[in-house]
Amino acid sequence: MTRDVVIAGIAEAGLDKGVFAEPVSVLDIQAQCAVRAVADAGLELADVDGLLTAGLWGIPGAGTLMPLSVVEHLGIKPRFVDGTNIGGSAFDAHVAHAAMAVEKGYCDVAVITYASDQRSASGRNLEGKPPHLNMQFDSPFGLLTPIGSYALAARRHMHEYGTTSEQLAEIAVAARRWAQLNPAATKRDDLTIDGVLESSMISDPLHKLDACLVTDGGGAVVVTTPDKLGDAAKKKAVYVRGYGESVSHWTINSMPDLTTTPAAKSGPAAMQMAGVTHDDCDVVQIYDSFTITVLLTLEALGFCKPGEGGAFVENGRIAPGGAFPMNTSGGGLSCSHPGMYGMFLLFEAVRQLRGDAGERQLDKATTALVNGTGGGLSSTATVVLSNR
Amino acid sequence: MSQDSATPARPTPIVDTITARFWKAASEGRLELPRCNACDRFHYYPRAICPPCGSEDLSWERLSGRGTVYSWTVSHRPAGAGFKPFVPYVVALIDLEEGPRMLSNVRTDDLDSMAIDMAVTVDFEALADAIALPVFRPA
């Protein structure tokens, strides 16, 4: 049994200045978004027989066995659950896992959920990790988490290829210009390359404005097969054409080559499954935890050669009106970043493919490539989507 | 740098059966790591198996303590209160002469001298009772 797989519904929790517009718990945010996402697909909660979730809330405690708490809160009895947590790429991996389950008939309607109240609750934890197990060789040295790992990669890339801080800053500026077209984006004031370079240095060579925002955020995604959908939902369904995953380490100490992310494996796998080339990708959503994440990922995915990422992003190429439309919501750098951003890449890809992206809608958006990155350049999940 | 009572402690390694040898050697001023008798390679951090070859036939050996900087960053904020006295401080990946790579600190008063490929040598910093941190200094 092999069935077509689609993303049929999405829902994103509303933010006001980076915090939840409606301040309910992380479980209630996920419940509300799950209901809205299945409604977006013309379905009901009772149709859901697959649940996938990841997050960083309630650990230890209610989040320790996270899928169980979410299942309970939704009041559903799924026959397929997945709590894969590989960092911010988890939700892009969940699309792959849900697709495999739906393709095989292991479940019919899967919902992926996420919520984080990191901004309204307590802010991002920079206190490091408990110094046990593999962390006993990491935490005692005071690497800032996670920016330090990305700073080490940026420095190495600069050394090997002559990449500059100005080139990295272009990525943040392009994100801000996209955010200025998105009324839901958190940061919309003007930003220049100098503005990025003059922001405070956090982990040299990365500045504050090389780093993503710290916001709340949550949402849900419905993955199913077209046969389960009514005509209206079928029309706006987005097909999952290919997916790939790659995981290599947790602590940056164990990353083999700091300039090559696991996307060098997950990207070609997803594109081969989908039968698409780089030129076929009308819009690309690349996890932008930091500016360097984008640059390394563009190279790893093969949109440019290793070392050419700096030149690739120069002169507004990835900004509105540029030749390479990317992170059209404003991304984690300017729209929102609740800690694990991979689901929000999917939201924006689906909006573009549905033609729902408002002022930032691209003229041609048939095929989208999404690439999530998690941990310290530790994991990637690539998904290729198309609207036919 | 030892900690006085007013300064919160830096995270202190929670040692386990396999890693105890590494930390004991460090507290006695030696850098030691397991070497695989099947594939001949050192690995870092210490494990019960050689990754990914899988052999459990490992012997601990003393390393020279010499290495070069693979990459480095300067933390301009402390990664927790215990690091406040050190800001700004260098965190670096060190390629050890014998092959493995380890995350550590480079202790230097001259941040402008930091560079990839610079030669460094190990030093040991008392952190807690019977725990010393292997850090590096310009060679």
# chains A, B, ... in the order shown; residues from 1 in each chain; ligands from 1
>>> interface_residues(of="chain B", to="chain A", cutoff="9 Å", atoms="only C-alpha atoms", output="PyMOL selection string")
chain B and resi 10-16+19+44-45+70-83+89-93+101-105+116+133+135
>>> write_last_selection(atoms="C-alpha atoms", output="PDB file, in the first residue's frame")
ATOM      1  CA  ARG B  10      31.624  26.497  37.255  1.00  0.00           C
ATOM      2  CA  PRO B  11      29.931  23.219  36.258  1.00  0.00           C
ATOM      3  CA  THR B  12      31.987  20.362  37.687  1.00  0.00           C
ATOM      4  CA  PRO B  13      32.128  17.136  35.685  1.00  0.00           C
ATOM      5  CA  ILE B  14      29.917  14.376  37.041  1.00  0.00           C
ATOM      6  CA  VAL B  15      32.350  11.518  36.584  1.00  0.00           C
ATOM      7  CA  ASP B  16      31.288   7.982  35.602  1.00  0.00           C
ATOM      8  CA  THR B  19      35.526   8.683  32.390  1.00  0.00           C
ATOM      9  CA  TYR B  44      37.582  11.708  22.601  1.00  0.00           C
ATOM     10  CA  TYR B  45      35.626  11.819  24.839  1.00  0.00           C
ATOM     11  CA  TYR B  70      40.924  24.011  14.851  1.00  0.00           C
ATOM     12  CA  SER B  71      38.529  26.842  15.658  1.00  0.00           C
ATOM     13  CA  TRP B  72      37.876  29.288  18.496  1.00  0.00           C
ATOM     14  CA  THR B  73      35.395  31.811  19.787  1.00  0.00           C
ATOM     15  CA  VAL B  74      35.476  34.481  22.470  1.00  0.00           C
ATOM     16  CA  SER B  75      32.533  34.346  24.855  1.00  0.00           C
ATOM     17  CA  HIS B  76      31.601  37.920  25.707  1.00  0.00           C
ATOM     18  CA  ARG B  77      28.911  36.698  28.071  1.00  0.00           C
ATOM     19  CA  PRO B  78      29.273  34.081  30.771  1.00  0.00           C
ATOM     20  CA  ALA B  79      27.719  30.657  30.145  1.00  0.00           C
ATOM     21  CA  GLY B  80      26.373  30.696  33.681  1.00  0.00           C
ATOM     22  CA  ALA B  81      27.349  32.671  36.762  1.00  0.00           C
ATOM     23  CA  GLY B  82      30.479  30.590  37.404  1.00  0.00           C
ATOM     24  CA  PHE B  83      32.077  31.934  34.236  1.00  0.00           C
ATOM     25  CA  TYR B  89      37.220  34.009  27.541  1.00  0.00           C
ATOM     26  CA  VAL B  90      38.282  31.766  24.680  1.00  0.00           C
ATOM     27  CA  VAL B  91      36.540  28.471  23.972  1.00  0.00           C
ATOM     28  CA  ALA B  92      38.299  26.445  21.310  1.00  0.00           C
ATOM     29  CA  LEU B  93      38.376  23.129  19.522  1.00  0.00           C
ATOM     30  CA  ARG B 101      39.755  16.798  18.817  1.00  0.00           C
ATOM     31  CA  MET B 102      38.614  18.256  22.125  1.00  0.00           C
ATOM     32  CA  LEU B 103      36.629  21.281  23.246  1.00  0.00           C
ATOM     33  CA  SER B 104      38.543  23.296  25.803  1.00  0.00           C
ATOM     34  CA  ASN B 105      39.661  26.794  26.718  1.00  0.00           C
ATOM     35  CA  ILE B 116      43.381  28.985  13.808  1.00  0.00           C
ATOM     36  CA  LEU B 133      40.212  20.878  33.902  1.00  0.00           C
ATOM     37  CA  VAL B 135      42.880  23.758  29.356  1.00  0.00           C
TER      38      VAL B 135
END
>>> residues_around(residues="A:Leu301", least_positions_apart="2", cutoff="8 Å", atoms="only C-alpha atoms", output="list in words")
Ala263, Ala264, Gly267, Pro268, Thr297, Leu298, Glu299, Phe303 and Cys304 of chain A
>>> residues_around(residues="stretch 369-381 of chain A", least_positions_apart="4", cutoff="8 Å", atoms="only C-alpha atoms", output="ChimeraX atom specification")
/A:86-90,92-93,146,149-150,243-252,255,261-263,266-267,281,283-287,293,340-342,345-346,349,385
>>> select_by_dssp(residues="stretch 41-75 of chain A", states="strand (DSSP E)", output="number ranges by chain")
A: 50-53
>>> select_by_dssp(residues="stretch 123-351 of chain A", states="helix (DSSP H, G or I)", output="PyMOL selection string")
chain A and resi 133-137+139-141+147-161+165-179+193-198+208-210+226-228+231-236+252-254+263-274+278-280+291-301+309-313+331-334+342-351
>>> residues_around(residues="B:Ala132", least_positions_apart="5", cutoff="9 Å", atoms="only C-alpha atoms", output="PyMOL selection string")
chain B and resi 23-29+124-127
>>> write_last_selection(atoms="N, CA and C atoms", output="mmCIF file, in the first residue's frame")
data_model
loop_
_atom_site.group_PDB
_atom_site.id
_atom_site.type_symbol
_atom_site.label_atom_id
_atom_site.label_comp_id
_atom_site.auth_asym_id
_atom_site.auth_seq_id
_atom_site.Cartn_x
_atom_site.Cartn_y
_atom_site.Cartn_z
ATOM 1 N N TRP B 23 39.630 11.925 34.264
ATOM 2 C CA TRP B 23 39.617 13.020 35.241
ATOM 3 C C TRP B 23 40.672 12.815 36.320
ATOM 4 N N LYS B 24 40.930 11.566 36.691
ATOM 5 C CA LYS B 24 41.967 11.301 37.688
ATOM 6 C C LYS B 24 43.334 11.684 37.126
ATOM 7 N N ALA B 25 43.583 11.281 35.876
ATOM 8 C CA ALA B 25 44.860 11.635 35.247
ATOM 9 C C ALA B 25 45.012 13.149 35.171
ATOM 10 N N ALA B 26 43.939 13.839 34.788
ATOM 11 C CA ALA B 26 44.001 15.304 34.688
ATOM 12 C C ALA B 26 44.318 15.925 36.041
ATOM 13 N N SER B 27 43.732 15.371 37.091
ATOM 14 C CA SER B 27 43.978 15.941 38.421
ATOM 15 C C SER B 27 45.432 15.722 38.842
ATOM 16 N N GLU B 28 46.095 14.761 38.188
ATOM 17 C CA GLU B 28 47.514 14.497 38.482
ATOM 18 C C GLU B 28 48.426 15.089 37.420
ATOM 19 N N GLY B 29 47.829 15.912 36.513
ATOM 20 C CA GLY B 29 48.649 16.647 35.551
ATOM 21 C C GLY B 29 48.984 15.875 34.286
ATOM 22 N N PHE B 124 46.650 22.381 33.421
ATOM 23 C CA PHE B 124 45.561 21.831 34.225
ATOM 24 C C PHE B 124 45.144 22.838 35.271
ATOM 25 N N GLU B 125 43.822 23.051 35.348
ATOM 26 C CA GLU B 125 43.267 24.090 36.200
ATOM 27 C C GLU B 125 42.425 23.413 37.275
ATOM 28 N N ALA B 126 42.801 23.581 38.534
ATOM 29 C CA ALA B 126 42.026 22.972 39.620
ATOM 30 C C ALA B 126 40.607 23.529 39.596
ATOM 31 N N LEU B 127 39.621 22.642 39.652
ATOM 32 C CA LEU B 127 38.225 23.058 39.542
ATOM 33 C C LEU B 127 37.447 22.694 40.801
#
>>> residues_around(residues="A:Thr64", least_positions_apart="4", cutoff="12 Å", atoms="only C-alpha atoms", output="PyMOL selection string")
chain A and resi 54-60+68-70+83+85
>>> closest_atom_pairs(of="stretch 222-282 of chain A", to="stretch 10-27 of chain A", cutoff="12 Å", atoms="only C-alpha atoms", output="tab-separated table")
residue	atom	partner	partner_atom	distance
A:Val222	CA	A:Ile10	CA	6.3
A:Val223	CA	A:Ile10	CA	9.4
A:Ala233	CA	A:Ile10	CA	11.6
A:Lys236	CA	A:Ile10	CA	11.2
A:Ala237	CA	A:Ile10	CA	10.4
A:Val238	CA	A:Ile10	CA	10.8
>>> write_last_selection(atoms="C-alpha atoms", output="mmCIF file, in the first residue's frame")
data_model
loop_
_atom_site.group_PDB
_atom_site.id
_atom_site.type_symbol
_atom_site.label_atom_id
_atom_site.label_comp_id
_atom_site.auth_asym_id
_atom_site.auth_seq_id
_atom_site.Cartn_x
_atom_site.Cartn_y
_atom_site.Cartn_z
ATOM 1 C CA VAL A 222 -1.885 18.011 9.541
ATOM 2 C CA VAL A 223 -0.388 15.263 7.363
ATOM 3 C CA ALA A 233 -9.231 20.909 1.246
ATOM 4 C CA LYS A 236 -5.207 23.655 -1.270
ATOM 5 C CA ALA A 237 -3.350 20.509 -0.168
ATOM 6 C CA VAL A 238 0.426 20.582 -0.519
#
>>> atom_distance(atom1="atom CA of B:Arg66", atom2="atom CA of B:Arg41")
16.8 Å
>>> closest_residue(among="B:Val69, B:Ala128, B:Val106, B:Ala20", to="B:Glu32", atoms="only C-alpha atoms")
B:Ala20
>>> atom_distance(atom1="atom CA of B:Ile18", atom2="atom CA of A:Leu65")
28.7 Å
>>> residues_around(residues="A:Met273", least_positions_apart="3", cutoff="8 Å", atoms="only C-alpha atoms", output="number ranges by chain")
A: 241-243, 269-270
>>> write_last_selection(atoms="N, CA and C atoms", output="PDB file, in the first residue's frame")
ATOM      1  N   ARG A 241       6.691  15.530  -1.416  1.00  0.00           N
ATOM      2  CA  ARG A 241       7.303  14.835  -2.547  1.00  0.00           C
ATOM      3  C   ARG A 241       8.600  14.128  -2.199  1.00  0.00           C
ATOM      4  N   GLY A 242       9.263  14.573  -1.167  1.00  0.00           N
ATOM      5  CA  GLY A 242      10.536  13.937  -0.818  1.00  0.00           C
ATOM      6  C   GLY A 242      10.971  14.365   0.564  1.00  0.00           C
ATOM      7  N   TYR A 243      11.727  13.500   1.211  1.00  0.00           N
ATOM      8  CA  TYR A 243      12.240  13.847   2.535  1.00  0.00           C
ATOM      9  C   TYR A 243      13.540  13.104   2.801  1.00  0.00           C
ATOM     10  N   ALA A 269      19.133  13.461  -0.521  1.00  0.00           N
ATOM     11  CA  ALA A 269      18.188  12.348  -0.356  1.00  0.00           C
ATOM     12  C   ALA A 269      16.762  12.810  -0.644  1.00  0.00           C
ATOM     13  N   ALA A 270      16.394  13.967  -0.085  1.00  0.00           N
ATOM     14  CA  ALA A 270      15.039  14.484  -0.273  1.00  0.00           C
ATOM     15  C   ALA A 270      14.796  14.879  -1.728  1.00  0.00           C
TER      16      ALA A 270
END
>>> closest_residue(among="A:Ser199, A:Gln30, A:Ser329, A:Thr164", to="A:Pro183", atoms="only C-alpha atoms")
A:Ser329
>>> decode(residues="stretch 261-323 of chain A", atoms="C-alpha atoms", output="mmCIF file, in the first residue's frame")
data_model
loop_
_atom_site.group_PDB
_atom_site.id
_atom_site.type_symbol
_atom_site.label_atom_id
_atom_site.label_comp_id
_atom_site.auth_asym_id
_atom_site.auth_seq_id
_atom_site.Cartn_x
_atom_site.Cartn_y
_atom_site.Cartn_z
ATOM 1 C CA THR A 261 26.267 20.328 7.934
ATOM 2 C CA PRO A 262 24.279 17.074 7.804
ATOM 3 C CA ALA A 263 22.158 18.764 5.091
ATOM 4 C CA ALA A 264 24.830 17.550 2.658
ATOM 5 C CA LYS A 265 23.177 14.145 3.138
ATOM 6 C CA SER A 266 19.538 14.932 3.926
ATOM 7 C CA GLY A 267 19.216 17.451 1.068
ATOM 8 C CA PRO A 268 20.256 15.198 -1.837
ATOM 9 C CA ALA A 269 18.188 12.348 -0.356
ATOM 10 C CA ALA A 270 15.039 14.484 -0.273
ATOM 11 C CA MET A 271 15.615 15.987 -3.710
ATOM 12 C CA GLN A 272 16.303 12.590 -5.258
ATOM 13 C CA MET A 273 13.110 11.138 -3.765
ATOM 14 C CA ALA A 274 11.152 14.114 -5.084
ATOM 15 C CA GLY A 275 12.847 13.981 -8.477
ATOM 16 C CA VAL A 276 13.640 17.689 -8.396
ATOM 17 C CA THR A 277 16.745 19.731 -9.170
ATOM 18 C CA HIS A 278 17.946 22.913 -7.502
ATOM 19 C CA ASP A 279 16.415 24.956 -10.316
ATOM 20 C CA ASP A 280 13.008 23.402 -9.652
ATOM 21 C CA CYS A 281 12.882 24.914 -6.143
ATOM 22 C CA ASP A 282 10.887 28.145 -6.438
ATOM 23 C CA VAL A 283 11.152 28.998 -2.766
ATOM 24 C CA VAL A 284 13.466 27.744 -0.048
ATOM 25 C CA GLN A 285 12.921 27.843 3.713
ATOM 26 C CA ILE A 286 16.204 27.299 5.548
ATOM 27 C CA TYR A 287 16.515 27.204 9.319
ATOM 28 C CA ASP A 288 18.165 30.463 10.360
ATOM 29 C CA SER A 289 19.038 30.018 14.013
ATOM 30 C CA PHE A 290 22.085 32.121 13.151
ATOM 31 C CA THR A 291 23.240 33.807 9.968
ATOM 32 C CA ILE A 292 26.006 31.206 9.581
ATOM 33 C CA THR A 293 23.393 28.411 9.652
ATOM 34 C CA VAL A 294 21.933 29.731 6.411
ATOM 35 C CA LEU A 295 25.283 30.116 4.698
ATOM 36 C CA LEU A 296 26.456 26.606 5.629
ATOM 37 C CA THR A 297 23.096 25.105 4.651
ATOM 38 C CA LEU A 298 23.028 26.753 1.214
ATOM 39 C CA GLU A 299 26.395 25.122 0.561
ATOM 40 C CA ALA A 300 25.480 21.759 2.062
ATOM 41 C CA LEU A 301 22.287 21.594 -0.001
ATOM 42 C CA GLY A 302 24.288 22.367 -3.126
ATOM 43 C CA PHE A 303 22.672 25.709 -4.043
ATOM 44 C CA CYS A 304 26.258 26.910 -4.235
ATOM 45 C CA LYS A 305 29.654 25.262 -3.888
ATOM 46 C CA PRO A 306 31.455 24.886 -0.534
ATOM 47 C CA GLY A 307 33.009 28.234 0.298
ATOM 48 C CA GLU A 308 30.784 30.222 -2.068
ATOM 49 C CA GLY A 309 27.970 30.887 0.392
ATOM 50 C CA GLY A 310 29.268 34.346 1.281
ATOM 51 C CA ALA A 311 29.318 35.529 -2.324
ATOM 52 C CA PHE A 312 25.980 33.783 -2.967
ATOM 53 C CA VAL A 313 24.052 35.881 -0.445
ATOM 54 C CA GLU A 314 25.675 39.207 -1.356
ATOM 55 C CA ASN A 315 23.918 42.149 -3.001
ATOM 56 C CA GLY A 316 20.416 41.303 -1.853
ATOM 57 C CA ARG A 317 20.194 37.990 -3.685
ATOM 58 C CA ILE A 318 18.122 36.366 -0.912
ATOM 59 C CA ALA A 319 16.167 39.559 -0.061
ATOM 60 C CA PRO A 320 12.774 40.550 -1.531
ATOM 61 C CA GLY A 321 13.207 41.084 -5.278
ATOM 62 C CA GLY A 322 16.395 39.002 -5.316
ATOM 63 C CA ALA A 323 17.032 36.011 -7.556
#
